[in-house]
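Containing PDB, C-alpha atoms: data-v2.pdb.
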ATOM      1  CA  MET A   1     110.282 -17.514 -22.408  1.00  0.00           C
ATOM      2  CA  LYS A   2     110.630 -14.333 -24.401  1.00  0.00           C
ATOM      3  CA  LEU A   3     113.550 -11.979 -23.938  1.00  0.00           C
ATOM      4  CA  ILE A   4     111.285  -9.153 -22.726  1.00  0.00           C
ATOM      5  CA  HIS A   5     109.956 -11.407 -19.942  1.00  0.00           C
ATOM      6  CA  ARG A   6     113.507 -12.299 -18.856  1.00  0.00           C
ATOM      7  CA  ILE A   7     114.448  -8.639 -18.729  1.00  0.00           C
ATOM      8  CA  GLY A   8     111.284  -7.905 -16.727  1.00  0.00           C
ATOM      9  CA  PHE A   9     112.085 -10.642 -14.169  1.00  0.00           C
ATOM     10  CA  TYR A  10     115.686  -9.456 -13.943  1.00  0.00           C
ATOM     11  CA  LEU A  11     114.702  -5.832 -13.336  1.00  0.00           C
ATOM     12  CA  GLY A  12     112.037  -6.893 -10.823  1.00  0.00           C
ATOM     13  CA  GLY A  13     114.539  -8.943  -8.797  1.00  0.00           C
ATOM     14  CA  PHE A  14     117.174  -6.239  -9.066  1.00  0.00           C
ATOM     15  CA  SER A  15     114.796  -3.565  -7.765  1.00  0.00           C
ATOM     16  CA  ILE A  16     113.676  -5.799  -4.858  1.00  0.00           C
ATOM     17  CA  GLY A  17     117.349  -6.316  -3.986  1.00  0.00           C
ATOM     18  CA  LEU A  18     117.981  -2.573  -4.021  1.00  0.00           C
ATOM     19  CA  VAL A  19     115.023  -1.958  -1.707  1.00  0.00           C
ATOM     20  CA  ILE A  20     116.262  -4.629   0.737  1.00  0.00           C
ATOM     21  CA  LEU A  21     119.793  -3.240   0.592  1.00  0.00           C
ATOM     22  CA  ALA A  22     118.541   0.311   1.232  1.00  0.00           C
ATOM     23  CA  PHE A  23     116.501  -0.988   4.190  1.00  0.00           C
ATOM     24  CA  PHE A  24     119.517  -2.648   5.837  1.00  0.00           C
ATOM     25  CA  LEU A  25     121.947   0.205   5.187  1.00  0.00           C
ATOM     26  CA  ASN A  26     119.542   3.015   6.083  1.00  0.00           C
ATOM     27  CA  GLY A  27     120.901   5.176   8.896  1.00  0.00           C
ATOM     28  CA  LYS A  28     124.298   3.489   9.023  1.00  0.00           C
ATOM     29  CA  ASP A  29     127.521   5.335   8.419  1.00  0.00           C
ATOM     30  CA  VAL A  30     128.590   3.317   5.396  1.00  0.00           C
ATOM     31  CA  SER A  31     131.439   4.579   3.240  1.00  0.00           C
ATOM     32  CA  CYS A  32     133.630   3.285   0.459  1.00  0.00           C
ATOM     33  CA  ASP A  33     137.072   4.384   1.608  1.00  0.00           C
ATOM     34  CA  TYR A  34     139.251   2.201  -0.568  1.00  0.00           C
ATOM     35  CA  GLY A  35     141.850   4.676  -1.798  1.00  0.00           C
ATOM     36  CA  PRO A  36     144.936   5.469   0.279  1.00  0.00           C
ATOM     37  CA  GLU A  37     144.003   9.135   0.683  1.00  0.00           C
ATOM     38  CA  ALA A  38     140.470   8.359   1.871  1.00  0.00           C
ATOM     39  CA  ARG A  39     141.746   5.766   4.351  1.00  0.00           C
ATOM     40  CA  VAL A  40     144.284   8.198   5.829  1.00  0.00           C
ATOM     41  CA  ILE A  41     141.659  10.957   6.188  1.00  0.00           C
ATOM     42  CA  LYS A  42     139.199   8.533   7.803  1.00  0.00           C
ATOM     43  CA  ASN A  43     141.888   7.203  10.167  1.00  0.00           C
ATOM     44  CA  ILE A  44     142.950  10.711  11.215  1.00  0.00           C
ATOM     45  CA  ASN A  45     139.378  11.865  11.825  1.00  0.00           C
ATOM     46  CA  SER A  46     138.579   8.847  14.004  1.00  0.00           C
ATOM     47  CA  LYS A  47     141.074   9.929  16.675  1.00  0.00           C
ATOM     48  CA  ARG A  48     141.363  12.672  19.281  1.00  0.00           C
ATOM     49  CA  PHE A  49     143.122  15.888  18.188  1.00  0.00           C
ATOM     50  CA  VAL A  50     145.882  17.651  20.103  1.00  0.00           C
ATOM     51  CA  TYR A  51     147.413  20.975  19.026  1.00  0.00           C
ATOM     52  CA  SER A  52     151.136  21.688  19.246  1.00  0.00           C
ATOM     53  CA  LYS A  53     152.267  24.889  20.969  1.00  0.00           C
ATOM     54  CA  ILE A  54     152.843  26.563  17.583  1.00  0.00           C
ATOM     55  CA  VAL A  55     149.305  25.795  16.438  1.00  0.00           C
ATOM     56  CA  GLN A  56     147.840  26.860  19.788  1.00  0.00           C
ATOM     57  CA  GLN A  57     149.630  30.191  19.380  1.00  0.00           C
ATOM     58  CA  ASP A  58     148.216  30.567  15.830  1.00  0.00           C
ATOM     59  CA  ILE A  59     144.707  29.938  17.179  1.00  0.00           C
ATOM     60  CA  LEU A  60     145.192  32.443  20.002  1.00  0.00           C
ATOM     61  CA  ASN A  61     146.530  35.047  17.532  1.00  0.00           C
ATOM     62  CA  LYS A  62     143.436  34.405  15.383  1.00  0.00           C
ATOM     63  CA  LYS A  63     145.450  33.373  12.336  1.00  0.00           C
ATOM     64  CA  ILE A  64     143.208  30.300  12.042  1.00  0.00           C
ATOM     65  CA  ASP A  65     140.337  28.837  14.053  1.00  0.00           C
ATOM     66  CA  SER A  66     139.660  25.271  15.105  1.00  0.00           C
ATOM     67  CA  THR A  67     136.612  24.996  12.835  1.00  0.00           C
ATOM     68  CA  THR A  68     138.748  25.728   9.790  1.00  0.00           C
ATOM     69  CA  LEU A  69     141.303  23.178  10.985  1.00  0.00           C
ATOM     70  CA  HIS A  70     138.640  20.488  11.297  1.00  0.00           C
ATOM     71  CA  THR A  71     137.277  21.384   7.853  1.00  0.00           C
ATOM     72  CA  ILE A  72     140.735  20.958   6.343  1.00  0.00           C
ATOM     73  CA  LEU A  73     141.184  17.639   8.143  1.00  0.00           C
ATOM     74  CA  LYS A  74     137.807  16.368   6.895  1.00  0.00           C
ATOM     75  CA  LYS A  75     137.859  17.616   3.304  1.00  0.00           C
ATOM     76  CA  GLY A  76     141.533  18.209   2.564  1.00  0.00           C
ATOM     77  CA  ASP A  77     143.823  16.303   0.231  1.00  0.00           C
ATOM     78  CA  VAL A  78     146.768  14.278   1.524  1.00  0.00           C
ATOM     79  CA  ASN A  79     150.021  15.246  -0.182  1.00  0.00           C
ATOM     80  CA  PHE A  80     151.998  12.006   0.016  1.00  0.00           C
ATOM     81  CA  SER A  81     155.093  13.546  -1.611  1.00  0.00           C
ATOM     82  CA  ASN A  82     155.437  15.946   1.356  1.00  0.00           C
ATOM     83  CA  SER A  83     154.479  13.285   3.924  1.00  0.00           C
ATOM     84  CA  ASP A  84     156.721  10.922   5.847  1.00  0.00           C
ATOM     85  CA  THR A  85     154.432   7.958   6.398  1.00  0.00           C
ATOM     86  CA  ARG A  86     157.137   5.739   7.894  1.00  0.00           C
ATOM     87  CA  HIS A  87     158.385   8.285  10.422  1.00  0.00           C
ATOM     88  CA  GLU A  88     159.058   6.732  13.830  1.00  0.00           C
ATOM     89  CA  PRO A  89     157.106   6.440  16.119  1.00  0.00           C
ATOM     90  CA  CYS A  90     154.168   8.040  14.275  1.00  0.00           C
ATOM     91  CA  GLY A  91     153.619   8.912  10.610  1.00  0.00           C
ATOM     92  CA  LEU A  92     153.684  12.536   9.459  1.00  0.00           C
ATOM     93  CA  TYR A  93     151.107  13.611   6.873  1.00  0.00           C
ATOM     94  CA  ALA A  94     150.717  16.866   4.955  1.00  0.00           C
ATOM     95  CA  ILE A  95     147.053  17.728   4.336  1.00  0.00           C
ATOM     96  CA  GLU A  96     146.258  20.587   1.961  1.00  0.00           C
ATOM     97  CA  LYS A  97     143.134  22.563   1.090  1.00  0.00           C
ATOM     98  CA  ASP A  98     142.347  25.894  -0.549  1.00  0.00           C
ATOM     99  CA  ILE A  99     140.717  28.259   1.960  1.00  0.00           C
ATOM    100  CA  GLU A 100     139.718  31.752   0.771  1.00  0.00           C
ATOM    101  CA  ASN A 101     142.067  31.636  -2.259  1.00  0.00           C
ATOM    102  CA  GLN A 102     145.007  30.541  -0.101  1.00  0.00           C
ATOM    103  CA  ASN A 103     146.545  27.093  -0.056  1.00  0.00           C
ATOM    104  CA  VAL A 104     146.702  25.961   3.576  1.00  0.00           C
ATOM    105  CA  SER A 105     148.870  22.983   4.481  1.00  0.00           C
ATOM    106  CA  ILE A 106     148.645  21.215   7.838  1.00  0.00           C
ATOM    107  CA  THR A 107     151.267  18.779   9.072  1.00  0.00           C
ATOM    108  CA  VAL A 108     149.824  16.152  11.411  1.00  0.00           C
ATOM    109  CA  GLU A 109     151.457  13.372  13.383  1.00  0.00           C
ATOM    110  CA  ASN A 110     149.211  10.309  13.239  1.00  0.00           C
ATOM    111  CA  CYS A 111     149.823   7.999  16.210  1.00  0.00           C
ATOM    112  CA  ASP A 112     147.828   4.966  17.360  1.00  0.00           C
ATOM    113  CA  SER A 113     145.305   6.782  19.536  1.00  0.00           C
ATOM    114  CA  ILE A 114     145.974  10.479  19.033  1.00  0.00           C
ATOM    115  CA  VAL A 115     146.608  12.976  16.214  1.00  0.00           C
ATOM    116  CA  THR A 116     148.864  15.944  16.893  1.00  0.00           C
ATOM    117  CA  ILE A 117     148.557  18.941  14.595  1.00  0.00           C
ATOM    118  CA  GLN A 118     152.194  20.009  14.296  1.00  0.00           C
ATOM    119  CA  LYS A 119     152.217  23.101  12.097  1.00  0.00           C
ATOM    120  CA  ILE A 120     150.231  25.180   9.619  1.00  0.00           C
ATOM    121  CA  THR A 121     151.654  26.856   6.528  1.00  0.00           C
ATOM    122  CA  TRP A 122     149.962  29.302   4.163  1.00  0.00           C
ATOM    123  CA  GLU A 123     150.980  29.736   0.544  1.00  0.00           C
TER     124      GLU A 123
END
Please render this file's structure as structure tokens.
Amino acid sequence: MKLIHRIGFYLGGFSIGLVILAFFLNGKDVSCDYGPEARVIKNINSKRFVYSKIVQQDILNKKIDSTTLHTILKKGDVNFSNSDTRHEPCGLYAIEKDIENQNVSITVENCDSIVTIQKITWE
């Protein structure tokens, strides 16, 4: 068998496999969260949010809104150097994102079933 025929059979089988894979994974929420930052963000966003009294006061004073908070929690970067992941009973994480040319940092307490947003700092 010629090399060009082998390559043709390989590409044909590979493309059929891709079509089958796309058929099975279509419509599913499949993600590749292998890095530590991506796993922490996914874990935090899978739980119910509770605001501390300080954060509730910031929302009432219109310093920040809940939509912006959720955007930071979904698309922010975890700063592990400012986080205390082994804090008892729940880990503390610092999540940062640039919003309107300001660096906003949120400190969250990640427990088993609930996430408490502790404080917000602007830089």
Once the PyMOL selection byres ((chain A and resi 45) around 10) has been evaluated on this model, what residues remain selected, and can you format them as an NGL selection string? :A and (39-44 or 46-49 or 70 or 73-74 or 114-115)
Have a look at atom CA of A:Val108 and atom CA of A:Leu92 and let me know their distance in Å, one decimal. 5.6 Å
Write out as a compact mmCIF listing (two decimals) with C-alpha atoms, in the frame of the given file which residues come within 9 Å of A:Ala38 when counting all atoms listed in the file, dropping same-chain ones fewer than 5 positions away.
# COMPACT_ATOMS: atom_id res chain seq x y z
CA CYS A 32 133.63 3.28 0.46
CA ASP A 33 137.07 4.38 1.61
CA ASN A 43 141.89 7.20 10.17
CA ASP A 77 143.82 16.30 0.23
CA VAL A 78 146.77 14.28 1.52
Residues within 12 Å of A:Asn103, only C-alpha atoms, excluding chain neighbours under 4 positions, as a PyMOL selection string: chain A and resi 72+76-77+95-99+120-123
Centre and edges of the stretch 38-45 of chain A box, axis-aligned, 6 Å extra per side, as lines of an AutoDock Vina configuration file:
center_x = 141.7
center_y = 8.8
center_z = 6.8
size_x = 17.1
size_y = 18.1
size_z = 22.0
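Taking atom CA of A:Lys2 as the reference point, atom CA of A:Ile16 is found at 21.5 Å.
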Could you list, as a PyMOL selection string, every residue within 10 Å of A:Gln118, counting only C-alpha atoms and ignoring same-chain residues fewer than 2 positions away? chain A and resi 50-56+92-94+106-109+115-116+120
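Between atom CA of A:Ile117 and atom CA of A:Ser81 the interatomic distance comes to 18.3 Å.
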